[in-house]
Amino acid sequence: MAHSKDFYAVLGVAEKATADEIKKAYRRLAKQHHPDTNKGDPRSAERFKEISEAYNVLGDVKKRAQYDEMRRLGAFGDFVRRPGGGATGGFRSSGPRPGARSGAGTPPKFEEFDVGGFGGLGDLFSSMFGGGAQRPKASEPERGQSIETTLEVPFRVAVMGGKIPVELEVNEECSTCGGSGAAKGARISACPECGGRGSISFGQGGFAVNRPCPMCLGKGSVASEKCSACAGQGEKRERKKVLITVPPGTDTDAKIRLKGQGGRGVRGGPPGDLVITFKVEPDKFYSRDGLDLIAHVPVNVAQATLGSKVSVKTLDDKKVTIAIPAGTPSSKRFRVRGQGIEKDGKKGDLLVEVRVDAPADLSDEARAAMAAFAREAGLKY
Ligand SMILES: [Zn+2]
Ligand SMILES: [Zn+2]
């Protein structure tokens with residue numbers, strides 16, 4: 001649902017409505033759209049926000065009078081698309097104001113509705129005529145990119161779980177400037193863009209919304225000279241050795257997400273995530289089928305023909321003995337219950353799959369004996 005800039009329309013009252021009528025309309029709508037009674041309904045939540053925004057202004061005699069005055073001046077007709085922006089404006093904040101929030105210690109707030117806040121109508125005006133009009137969507141903070149990478153995992157680590165040391169590019173506080181973004185000895189002054197507040201009001205939707213300042217990235221101050229090591233960002237992407245935990249039972253294409261270790265945020269937005277996709281390396285001895293572990297065991301032709309016992313290693317380095325009956329064909333599987341891969345409380349089986357190997361490099365005697373055996377057993381060759 002699109003926002004309406006018309007607070008009267010939002011509350012469904014006439015422009016000439018009395019304070020009492022406005023209050024009643026607000027109470028009725030707020031009750032109807034209250035998040036407590038509309039759990040999980042994003043449209044109601046949005047509507048509730050709009051209603052609150054509208055009442056925040058219309059419910060206050062002074063703010064309402066100024067809002068009416070702005071409407072009379074046509075401020076709400078076209079402020080979003082005013083070409084060039086700021087042409088009508090002289091209202092942008094241009095210096096630190098009393099009580100302004102400043103300094104890197106104050107994290108920028110997102111989606112904070114500004115009307116009635118510290119700046120009051122001054123901010124409202126600045127967003128209508130200056131900052132807001134001048135800065136459409138393109139200037140809003142954006143979350144950094146998600147970075148995707150793949151990680152090869154040895155078969156046994158994937159099956160049993162474990163840790164793999166890797167070198168990754170991660171966001172680290174710049175050690176040269178300690179995160180301030182300023183060059184050594186640089187003069188620090190209040191950010192001219194946001195007047196040291198660290199945030200800027202954007203005209204958006206109903207009214208004005210606070211965003212981290214794109215110039216100072218929410219810090220509220222700017223340096224006369226930027227730290228050269230991090231280009232003034234205060235943090236750097238650095239290669240760092242980290243231990244990646246591989247959960248037991250991990251299969252190829254399983255992913256893990258490292259929050260905040262992706263690309264830098266844009267204009268003060270939060271960093272993206274680092275997404276790691278596992279690729280399980282093949283093993284010489286084992287393969288897998290879901291939670292079943294398949295052990296590939298060679299047997300010789302005598303074992304397959306006459307029957308035998310073979311010893312097979314399980315994942316936890318124990319041995320199980322499998323009886324191979326006489327006349328076992330190649331690829332026959334023998335199931336050992338509960339010795340497979342364990343994941344989320346479930347456990348697969350161990351399947352011992354035999355492969356019958358034919359002997360090469362026979363002595364003359366062995367070849368003659370084999371030929372005699374074949375004749376006796378009626379095997380054509
Ligand atoms: Zn730095
Ligand atoms: Zn700033």
# chains A, B, ... in the order shown; residues from 1 in each chain; ligands from 1
$ residues_around --residues "Asp317 (chain A)" --least-positions-apart "5" --cutoff "12 Å" --atoms "only C-alpha atoms" --output "compact mmCIF listing (two decimals) with all heavy atoms, in the first residue's frame"
# COMPACT_ATOMS: atom_id res chain seq x y z
N ARG A 156 35.74 -37.02 5.33
CA ARG A 156 35.54 -37.44 6.71
C ARG A 156 35.16 -36.28 7.62
O ARG A 156 34.38 -36.43 8.55
CB ARG A 156 36.80 -38.13 7.24
CG ARG A 156 36.88 -39.57 6.79
CD ARG A 156 38.29 -40.11 6.93
NE ARG A 156 38.56 -41.09 5.87
CZ ARG A 156 38.73 -42.39 6.11
NH1 ARG A 156 38.71 -42.85 7.33
NH2 ARG A 156 38.93 -43.20 5.10
N MET A 160 31.82 -36.38 9.81
CA MET A 160 31.94 -36.39 11.27
C MET A 160 31.76 -35.01 11.88
O MET A 160 31.55 -34.87 13.08
CB MET A 160 33.32 -36.93 11.69
CG MET A 160 33.66 -38.31 11.16
SD MET A 160 32.60 -39.58 11.88
CE MET A 160 33.35 -39.74 13.51
N SER A 311 37.29 -57.50 7.02
CA SER A 311 37.25 -56.55 8.12
C SER A 311 37.13 -55.14 7.52
O SER A 311 37.88 -54.78 6.62
CB SER A 311 38.53 -56.71 8.92
OG SER A 311 38.58 -55.72 9.90
N VAL A 312 36.17 -54.37 8.01
CA VAL A 312 35.92 -53.03 7.45
C VAL A 312 35.99 -52.00 8.57
O VAL A 312 35.44 -52.19 9.65
CB VAL A 312 34.52 -52.98 6.79
CG1 VAL A 312 34.26 -51.61 6.19
CG2 VAL A 312 34.39 -54.06 5.74
N GLN A 339 25.69 -47.70 11.65
CA GLN A 339 27.10 -47.28 11.57
C GLN A 339 27.31 -46.26 10.46
O GLN A 339 28.43 -46.07 9.98
CB GLN A 339 28.01 -48.50 11.33
CG GLN A 339 28.09 -49.46 12.52
CD GLN A 339 28.76 -48.82 13.72
OE1 GLN A 339 29.64 -47.99 13.59
NE2 GLN A 339 28.31 -49.18 14.92
$ residues_near_ligand --ligand "ligand 1" --cutoff "9 Å" --atoms "only C-alpha atoms and all ligand atoms" --output "JSON, numbers by chain"
{"A": [173, 174, 175, 176, 177, 178, 179, 180, 181, 182, 183, 226, 227, 228, 229, 230, 231, 232, 233, 234, 235, 236]}
$ write_last_selection --atoms "N, CA, C and O atoms" --output "PDB file, in the first residue's frame"
ATOM      1  N   GLU A 173      38.137  -3.624  11.766  1.00  0.00           N
ATOM      2  CA  GLU A 173      38.377  -2.225  12.097  1.00  0.00           C
ATOM      3  C   GLU A 173      39.784  -1.864  11.628  1.00  0.00           C
ATOM      4  O   GLU A 173      40.728  -2.617  11.812  1.00  0.00           O
ATOM      5  N   CYS A 174      39.894  -0.685  11.000  1.00  0.00           N
ATOM      6  CA  CYS A 174      41.192  -0.264  10.465  1.00  0.00           C
ATOM      7  C   CYS A 174      42.162  -0.036  11.629  1.00  0.00           C
ATOM      8  O   CYS A 174      41.881   0.728  12.550  1.00  0.00           O
ATOM      9  N   SER A 175      43.277  -0.717  11.577  1.00  0.00           N
ATOM     10  CA  SER A 175      44.213  -0.615  12.699  1.00  0.00           C
ATOM     11  C   SER A 175      45.007   0.691  12.641  1.00  0.00           C
ATOM     12  O   SER A 175      45.516   1.163  13.655  1.00  0.00           O
ATOM     13  N   THR A 176      45.080   1.291  11.449  1.00  0.00           N
ATOM     14  CA  THR A 176      45.837   2.537  11.316  1.00  0.00           C
ATOM     15  C   THR A 176      45.144   3.699  12.025  1.00  0.00           C
ATOM     16  O   THR A 176      45.782   4.490  12.708  1.00  0.00           O
ATOM     17  N   CYS A 177      43.839   3.791  11.849  1.00  0.00           N
ATOM     18  CA  CYS A 177      43.117   4.936  12.431  1.00  0.00           C
ATOM     19  C   CYS A 177      42.231   4.499  13.594  1.00  0.00           C
ATOM     20  O   CYS A 177      41.511   5.311  14.173  1.00  0.00           O
ATOM     21  N   GLY A 178      42.261   3.231  13.935  1.00  0.00           N
ATOM     22  CA  GLY A 178      41.440   2.743  15.042  1.00  0.00           C
ATOM     23  C   GLY A 178      39.949   2.846  14.759  1.00  0.00           C
ATOM     24  O   GLY A 178      39.131   2.898  15.662  1.00  0.00           O
ATOM     25  N   GLY A 179      39.599   2.932  13.481  1.00  0.00           N
ATOM     26  CA  GLY A 179      38.180   2.949  13.120  1.00  0.00           C
ATOM     27  C   GLY A 179      37.599   4.335  12.928  1.00  0.00           C
ATOM     28  O   GLY A 179      36.464   4.485  12.518  1.00  0.00           O
ATOM     29  N   SER A 180      38.399   5.374  13.220  1.00  0.00           N
ATOM     30  CA  SER A 180      37.855   6.738  13.094  1.00  0.00           C
ATOM     31  C   SER A 180      37.780   7.188  11.639  1.00  0.00           C
ATOM     32  O   SER A 180      36.994   8.050  11.284  1.00  0.00           O
ATOM     33  N   GLY A 181      38.615   6.623  10.778  1.00  0.00           N
ATOM     34  CA  GLY A 181      38.625   7.024   9.375  1.00  0.00           C
ATOM     35  C   GLY A 181      39.443   8.281   9.124  1.00  0.00           C
ATOM     36  O   GLY A 181      39.543   8.749   7.988  1.00  0.00           O
ATOM     37  N   ALA A 182      40.026   8.856  10.179  1.00  0.00           N
ATOM     38  CA  ALA A 182      40.780  10.103  10.032  1.00  0.00           C
ATOM     39  C   ALA A 182      42.284   9.829   9.929  1.00  0.00           C
ATOM     40  O   ALA A 182      42.794   8.915  10.585  1.00  0.00           O
ATOM     41  N   ALA A 183      42.954  10.617   9.108  1.00  0.00           N
ATOM     42  CA  ALA A 183      44.407  10.511   9.035  1.00  0.00           C
ATOM     43  C   ALA A 183      45.006  11.034  10.337  1.00  0.00           C
ATOM     44  O   ALA A 183      44.371  11.802  11.067  1.00  0.00           O
ATOM     45  N   LYS A 226      41.561  12.119   5.171  1.00  0.00           N
ATOM     46  CA  LYS A 226      41.116  10.755   5.428  1.00  0.00           C
ATOM     47  C   LYS A 226      42.294   9.823   5.689  1.00  0.00           C
ATOM     48  O   LYS A 226      43.374  10.015   5.142  1.00  0.00           O
ATOM     49  N   CYS A 227      42.043   8.818   6.506  1.00  0.00           N
ATOM     50  CA  CYS A 227      43.038   7.766   6.722  1.00  0.00           C
ATOM     51  C   CYS A 227      43.309   7.075   5.382  1.00  0.00           C
ATOM     52  O   CYS A 227      42.371   6.646   4.708  1.00  0.00           O
ATOM     53  N   SER A 228      44.582   7.013   5.010  1.00  0.00           N
ATOM     54  CA  SER A 228      44.877   6.466   3.682  1.00  0.00           C
ATOM     55  C   SER A 228      44.757   4.942   3.672  1.00  0.00           C
ATOM     56  O   SER A 228      44.534   4.339   2.628  1.00  0.00           O
ATOM     57  N   ALA A 229      44.902   4.337   4.827  1.00  0.00           N
ATOM     58  CA  ALA A 229      44.865   2.869   4.868  1.00  0.00           C
ATOM     59  C   ALA A 229      43.473   2.324   4.565  1.00  0.00           C
ATOM     60  O   ALA A 229      43.321   1.261   3.991  1.00  0.00           O
ATOM     61  N   CYS A 230      42.452   3.087   4.969  1.00  0.00           N
ATOM     62  CA  CYS A 230      41.082   2.568   4.792  1.00  0.00           C
ATOM     63  C   CYS A 230      40.237   3.527   3.966  1.00  0.00           C
ATOM     64  O   CYS A 230      39.023   3.338   3.877  1.00  0.00           O
ATOM     65  N   ALA A 231      40.844   4.550   3.394  1.00  0.00           N
ATOM     66  CA  ALA A 231      40.129   5.545   2.600  1.00  0.00           C
ATOM     67  C   ALA A 231      39.007   6.211   3.397  1.00  0.00           C
ATOM     68  O   ALA A 231      37.954   6.547   2.862  1.00  0.00           O
ATOM     69  N   GLY A 232      39.231   6.355   4.698  1.00  0.00           N
ATOM     70  CA  GLY A 232      38.267   7.066   5.525  1.00  0.00           C
ATOM     71  C   GLY A 232      37.090   6.228   5.982  1.00  0.00           C
ATOM     72  O   GLY A 232      36.199   6.715   6.654  1.00  0.00           O
ATOM     73  N   GLN A 233      37.089   4.944   5.626  1.00  0.00           N
ATOM     74  CA  GLN A 233      35.950   4.093   5.957  1.00  0.00           C
ATOM     75  C   GLN A 233      35.983   3.636   7.417  1.00  0.00           C
ATOM     76  O   GLN A 233      34.961   3.226   7.957  1.00  0.00           O
ATOM     77  N   GLY A 234      37.148   3.641   8.022  1.00  0.00           N
ATOM     78  CA  GLY A 234      37.239   3.187   9.406  1.00  0.00           C
ATOM     79  C   GLY A 234      37.372   1.679   9.536  1.00  0.00           C
ATOM     80  O   GLY A 234      37.649   1.157  10.594  1.00  0.00           O
ATOM     81  N   GLU A 235      37.127   0.995   8.434  1.00  0.00           N
ATOM     82  CA  GLU A 235      37.384  -0.445   8.457  1.00  0.00           C
ATOM     83  C   GLU A 235      37.909  -0.894   7.101  1.00  0.00           C
ATOM     84  O   GLU A 235      37.781  -0.199   6.108  1.00  0.00           O
ATOM     85  N   LYS A 236      38.509  -2.036   7.133  1.00  0.00           N
ATOM     86  CA  LYS A 236      39.148  -2.549   5.925  1.00  0.00           C
ATOM     87  C   LYS A 236      38.768  -4.004   5.749  1.00  0.00           C
ATOM     88  O   LYS A 236      38.458  -4.685   6.699  1.00  0.00           O
TER      89      LYS A 236
END
$ closest_atom_pairs --of "chain A" --to "ligand 2" --cutoff "6 Å" --atoms "only C-alpha atoms and all ligand atoms" --output "CSV"
residue,atom,partner,partner_atom_place_in_ligand_line,distance
A:Cys191,CA,ligand 2,1 (Zn),4.4
A:Glu193,CA,ligand 2,1 (Zn),4.9
A:Cys194,CA,ligand 2,1 (Zn),4.2
A:Gly196,CA,ligand 2,1 (Zn),5.8
A:Gly198,CA,ligand 2,1 (Zn),4.7
A:Cys213,CA,ligand 2,1 (Zn),4.4
A:Met215,CA,ligand 2,1 (Zn),4.9
A:Cys216,CA,ligand 2,1 (Zn),4.0
A:Gly218,CA,ligand 2,1 (Zn),5.9
A:Gly220,CA,ligand 2,1 (Zn),4.7
$ write_last_selection --atoms "N, CA and C atoms" --output "PDB file, in the first residue's frame"
ATOM      1  N   CYS A 191      30.194  17.203  10.723  1.00  0.00           N
ATOM      2  CA  CYS A 191      29.876  16.908   9.327  1.00  0.00           C
ATOM      3  C   CYS A 191      28.981  18.013   8.762  1.00  0.00           C
ATOM      4  N   GLU A 193      27.244  17.961   6.124  1.00  0.00           N
ATOM      5  CA  GLU A 193      26.051  17.415   5.466  1.00  0.00           C
ATOM      6  C   GLU A 193      24.903  17.256   6.464  1.00  0.00           C
ATOM      7  N   CYS A 194      25.217  16.738   7.621  1.00  0.00           N
ATOM      8  CA  CYS A 194      24.147  16.434   8.579  1.00  0.00           C
ATOM      9  C   CYS A 194      24.238  17.332   9.805  1.00  0.00           C
ATOM     10  N   GLY A 196      26.430  17.345  12.048  1.00  0.00           N
ATOM     11  CA  GLY A 196      26.970  16.649  13.208  1.00  0.00           C
ATOM     12  C   GLY A 196      26.004  15.668  13.847  1.00  0.00           C
ATOM     13  N   GLY A 198      24.754  13.018  12.380  1.00  0.00           N
ATOM     14  CA  GLY A 198      25.013  11.647  11.949  1.00  0.00           C
ATOM     15  C   GLY A 198      23.861  11.043  11.170  1.00  0.00           C
ATOM     16  N   CYS A 213      23.790   9.505   7.844  1.00  0.00           N
ATOM     17  CA  CYS A 213      24.299  10.487   6.895  1.00  0.00           C
ATOM     18  C   CYS A 213      25.281   9.820   5.923  1.00  0.00           C
ATOM     19  N   MET A 215      27.498  11.182   4.084  1.00  0.00           N
ATOM     20  CA  MET A 215      28.817  11.800   3.999  1.00  0.00           C
ATOM     21  C   MET A 215      29.732  11.317   5.128  1.00  0.00           C
ATOM     22  N   CYS A 216      29.211  11.278   6.326  1.00  0.00           N
ATOM     23  CA  CYS A 216      30.050  10.893   7.467  1.00  0.00           C
ATOM     24  C   CYS A 216      29.755   9.456   7.897  1.00  0.00           C
ATOM     25  N   GLY A 218      27.271   8.269   9.304  1.00  0.00           N
ATOM     26  CA  GLY A 218      26.610   8.181  10.597  1.00  0.00           C
ATOM     27  C   GLY A 218      27.470   8.599  11.774  1.00  0.00           C
ATOM     28  N   GLY A 220      28.836  11.593  12.282  1.00  0.00           N
ATOM     29  CA  GLY A 220      28.554  12.963  12.702  1.00  0.00           C
ATOM     30  C   GLY A 220      29.728  13.905  12.544  1.00  0.00           C
TER      31      GLY A 220
END
$ atom_distance --atom1 "CA of Leu151 (chain A)" --atom2 "CA of Lys313 (chain A)"
27.0 Å
$ atom_distance --atom1 "CA of Ala9 (chain A)" --atom2 "CA of Ser201 (chain A)"
22.9 Å
$ select_by_dssp --residues "region 295-350 of chain A" --states "alpha helix (DSSP H)" --output "VMD selection string"
chain A and resid 301 to 306
$ write_last_selection --atoms "N, CA, C and O atoms" --output "mmCIF file, in the first residue's frame"
data_model
loop_
_atom_site.group_PDB
_atom_site.id
_atom_site.type_symbol
_atom_site.label_atom_id
_atom_site.label_comp_id
_atom_site.auth_asym_id
_atom_site.auth_seq_id
_atom_site.Cartn_x
_atom_site.Cartn_y
_atom_site.Cartn_z
ATOM 1 N N VAL A 301 38.938 -62.980 -6.150
ATOM 2 C CA VAL A 301 38.012 -63.911 -6.796
ATOM 3 C C VAL A 301 37.798 -65.156 -5.931
ATOM 4 O O VAL A 301 36.710 -65.728 -5.924
ATOM 5 N N ALA A 302 38.824 -65.533 -5.158
ATOM 6 C CA ALA A 302 38.673 -66.700 -4.284
ATOM 7 C C ALA A 302 37.715 -66.395 -3.142
ATOM 8 O O ALA A 302 36.840 -67.184 -2.805
ATOM 9 N N GLN A 303 37.842 -65.176 -2.572
ATOM 10 C CA GLN A 303 36.927 -64.778 -1.490
ATOM 11 C C GLN A 303 35.487 -64.756 -1.989
ATOM 12 O O GLN A 303 34.574 -65.235 -1.322
ATOM 13 N N ALA A 304 35.323 -64.177 -3.184
ATOM 14 C CA ALA A 304 33.976 -64.051 -3.731
ATOM 15 C C ALA A 304 33.412 -65.421 -4.076
ATOM 16 O O ALA A 304 32.218 -65.677 -3.909
ATOM 17 N N THR A 305 34.272 -66.295 -4.519
ATOM 18 C CA THR A 305 33.803 -67.589 -4.986
ATOM 19 C C THR A 305 33.590 -68.552 -3.817
ATOM 20 O O THR A 305 32.576 -69.249 -3.745
ATOM 21 N N LEU A 306 34.559 -68.580 -2.893
ATOM 22 C CA LEU A 306 34.532 -69.585 -1.828
ATOM 23 C C LEU A 306 33.919 -69.060 -0.528
ATOM 24 O O LEU A 306 33.625 -69.843 0.372
#
$ residues_around --residues "region 358-369 of chain A" --least-positions-apart "4" --cutoff "10 Å" --atoms "only C-alpha atoms" --output "list of chain:residue names"
A:Val299, A:Asn300, A:Val301, A:Ala302, A:Phe373, A:Ala374, A:Arg375
$ write_last_selection --atoms "N, CA and C atoms" --output "PDB file, in the first residue's frame"
ATOM      1  N   VAL A 299      37.414 -57.454  -2.874  1.00  0.00           N
ATOM      2  CA  VAL A 299      37.647 -58.852  -2.474  1.00  0.00           C
ATOM      3  C   VAL A 299      38.214 -59.571  -3.688  1.00  0.00           C
ATOM      4  N   ASN A 300      39.006 -60.625  -3.421  1.00  0.00           N
ATOM      5  CA  ASN A 300      39.567 -61.332  -4.568  1.00  0.00           C
ATOM      6  C   ASN A 300      38.610 -62.405  -5.046  1.00  0.00           C
ATOM      7  N   VAL A 301      38.938 -62.980  -6.150  1.00  0.00           N
ATOM      8  CA  VAL A 301      38.012 -63.911  -6.796  1.00  0.00           C
ATOM      9  C   VAL A 301      37.798 -65.156  -5.931  1.00  0.00           C
ATOM     10  N   ALA A 302      38.824 -65.533  -5.158  1.00  0.00           N
ATOM     11  CA  ALA A 302      38.673 -66.700  -4.284  1.00  0.00           C
ATOM     12  C   ALA A 302      37.715 -66.395  -3.142  1.00  0.00           C
ATOM     13  N   PHE A 373      40.161 -74.992 -13.381  1.00  0.00           N
ATOM     14  CA  PHE A 373      39.004 -74.642 -12.550  1.00  0.00           C
ATOM     15  C   PHE A 373      37.821 -74.253 -13.432  1.00  0.00           C
ATOM     16  N   ALA A 374      38.108 -73.457 -14.466  1.00  0.00           N
ATOM     17  CA  ALA A 374      37.039 -72.984 -15.340  1.00  0.00           C
ATOM     18  C   ALA A 374      36.378 -74.141 -16.072  1.00  0.00           C
ATOM     19  N   ARG A 375      37.225 -75.056 -16.568  1.00  0.00           N
ATOM     20  CA  ARG A 375      36.680 -76.221 -17.266  1.00  0.00           C
ATOM     21  C   ARG A 375      35.792 -77.025 -16.323  1.00  0.00           C
TER      22      ARG A 375
END
$ select_by_dssp --residues "region 160-330 of chain A" --states "strand (DSSP E or B)" --output "number ranges by chain"
A: 162-173, 182, 188-190, 199-204, 207-212, 221-223, 226, 235-246, 255-258, 266, 274-280, 286-289, 292-300, 308-313, 319-324
$ closest_residue --among "A:Val297, A:Leu291, A:Glu53, A:Tyr381" --to "Asp344 (chain A)" --atoms "only C-alpha atoms"
A:Leu291
$ closest_residue --among "A:Lys16, A:Lys346, A:Arg239, A:Lys49" --to "Leu29 (chain A)" --atoms "only C-alpha atoms"
A:Lys49
$ closest_residue --among "A:Leu274, A:Ile188, A:Val166, A:Val57" --to "Lys241 (chain A)" --atoms "only C-alpha atoms"
A:Val166
$ atom_distance --atom1 "CA of Ile341 (chain A)" --atom2 "CA of Gly290 (chain A)"
8.2 Å
$ closest_residue --among "A:Pro271, A:Gly307, A:Pro192, A:Gly338" --to "Pro325 (chain A)" --atoms "only C-alpha atoms"
A:Gly307
$ closest_residue --among "A:Val159, A:Val222, A:Arg27, A:Ser52" --to "Asp316 (chain A)" --atoms "only C-alpha atoms"
A:Val159
$ residues_around --residues "Phe278 (chain A)" --least-positions-apart "2" --cutoff "12 Å" --atoms "only C-alpha atoms" --output "compact mmCIF listing (two decimals) with N, CA and C atoms, in the first residue's frame"
# COMPACT_ATOMS: atom_id res chain seq x y z
N GLU A 148 29.66 -14.70 -1.71
CA GLU A 148 29.52 -16.15 -1.72
C GLU A 148 30.86 -16.79 -2.03
N THR A 149 31.16 -17.83 -1.32
CA THR A 149 32.39 -18.53 -1.59
C THR A 149 32.17 -20.02 -1.36
N THR A 150 33.00 -20.84 -1.98
CA THR A 150 32.86 -22.27 -1.74
C THR A 150 34.06 -22.77 -0.96
N LEU A 151 33.85 -23.80 -0.19
CA LEU A 151 34.91 -24.34 0.64
C LEU A 151 34.94 -25.86 0.46
N GLU A 152 36.10 -26.35 0.06
CA GLU A 152 36.26 -27.79 -0.10
C GLU A 152 36.49 -28.43 1.27
N VAL A 153 35.74 -29.47 1.52
CA VAL A 153 35.81 -30.13 2.82
C VAL A 153 36.17 -31.60 2.61
N PRO A 154 37.20 -32.09 3.30
CA PRO A 154 37.51 -33.52 3.19
C PRO A 154 36.30 -34.35 3.61
N PHE A 155 36.13 -35.46 2.95
CA PHE A 155 34.95 -36.31 3.16
C PHE A 155 34.69 -36.60 4.64
N VAL A 157 35.72 -35.10 7.35
CA VAL A 157 35.36 -33.91 8.15
C VAL A 157 33.88 -33.58 7.94
N ALA A 158 33.45 -33.68 6.68
CA ALA A 158 32.05 -33.37 6.36
C ALA A 158 31.12 -34.34 7.07
N VAL A 159 31.51 -35.60 7.12
CA VAL A 159 30.66 -36.61 7.70
C VAL A 159 30.65 -36.52 9.23
N ILE A 164 37.67 -26.32 9.93
CA ILE A 164 38.63 -26.18 8.84
C ILE A 164 39.21 -24.77 8.89
N ILE A 244 36.43 -22.44 10.30
CA ILE A 244 35.04 -22.63 9.91
C ILE A 244 34.55 -23.95 10.48
N THR A 245 33.45 -23.87 11.20
CA THR A 245 32.90 -25.09 11.78
C THR A 245 32.04 -25.80 10.75
N VAL A 246 32.38 -27.03 10.49
CA VAL A 246 31.60 -27.85 9.57
C VAL A 246 30.71 -28.77 10.41
N PRO A 247 29.39 -28.60 10.30
CA PRO A 247 28.52 -29.45 11.12
C PRO A 247 28.58 -30.91 10.66
N GLY A 249 27.59 -34.44 9.26
CA GLY A 249 26.59 -34.81 8.26
C GLY A 249 26.48 -33.81 7.13
N THR A 250 27.43 -32.91 7.02
CA THR A 250 27.39 -31.90 5.95
C THR A 250 27.54 -32.55 4.59
N ASP A 251 26.69 -32.15 3.67
CA ASP A 251 26.77 -32.69 2.32
C ASP A 251 27.13 -31.55 1.36
N THR A 252 27.53 -31.92 0.18
CA THR A 252 27.84 -30.92 -0.84
C THR A 252 26.64 -30.00 -1.05
N ASP A 253 26.93 -28.73 -1.22
CA ASP A 253 25.93 -27.66 -1.43
C ASP A 253 25.26 -27.18 -0.15
N ALA A 254 25.63 -27.74 0.99
CA ALA A 254 25.14 -27.16 2.24
C ALA A 254 25.81 -25.80 2.41
N LYS A 255 25.09 -24.85 3.03
CA LYS A 255 25.62 -23.49 3.16
C LYS A 255 25.63 -23.06 4.62
N ILE A 256 26.59 -22.23 4.96
CA ILE A 256 26.50 -21.52 6.23
C ILE A 256 26.65 -20.03 5.96
N ARG A 257 26.11 -19.23 6.86
CA ARG A 257 26.09 -17.79 6.67
C ARG A 257 26.82 -17.12 7.84
N VAL A 275 28.52 -15.95 2.68
CA VAL A 275 27.84 -17.23 2.57
C VAL A 275 28.83 -18.27 2.03
N ILE A 276 29.02 -19.32 2.79
CA ILE A 276 29.97 -20.36 2.40
C ILE A 276 29.20 -21.61 1.96
N VAL A 280 32.02 -31.21 -0.75
CA VAL A 280 32.64 -32.34 -0.08
C VAL A 280 33.53 -33.08 -1.06
N GLU A 281 34.79 -33.24 -0.69
CA GLU A 281 35.75 -33.94 -1.56
C GLU A 281 35.47 -35.44 -1.54
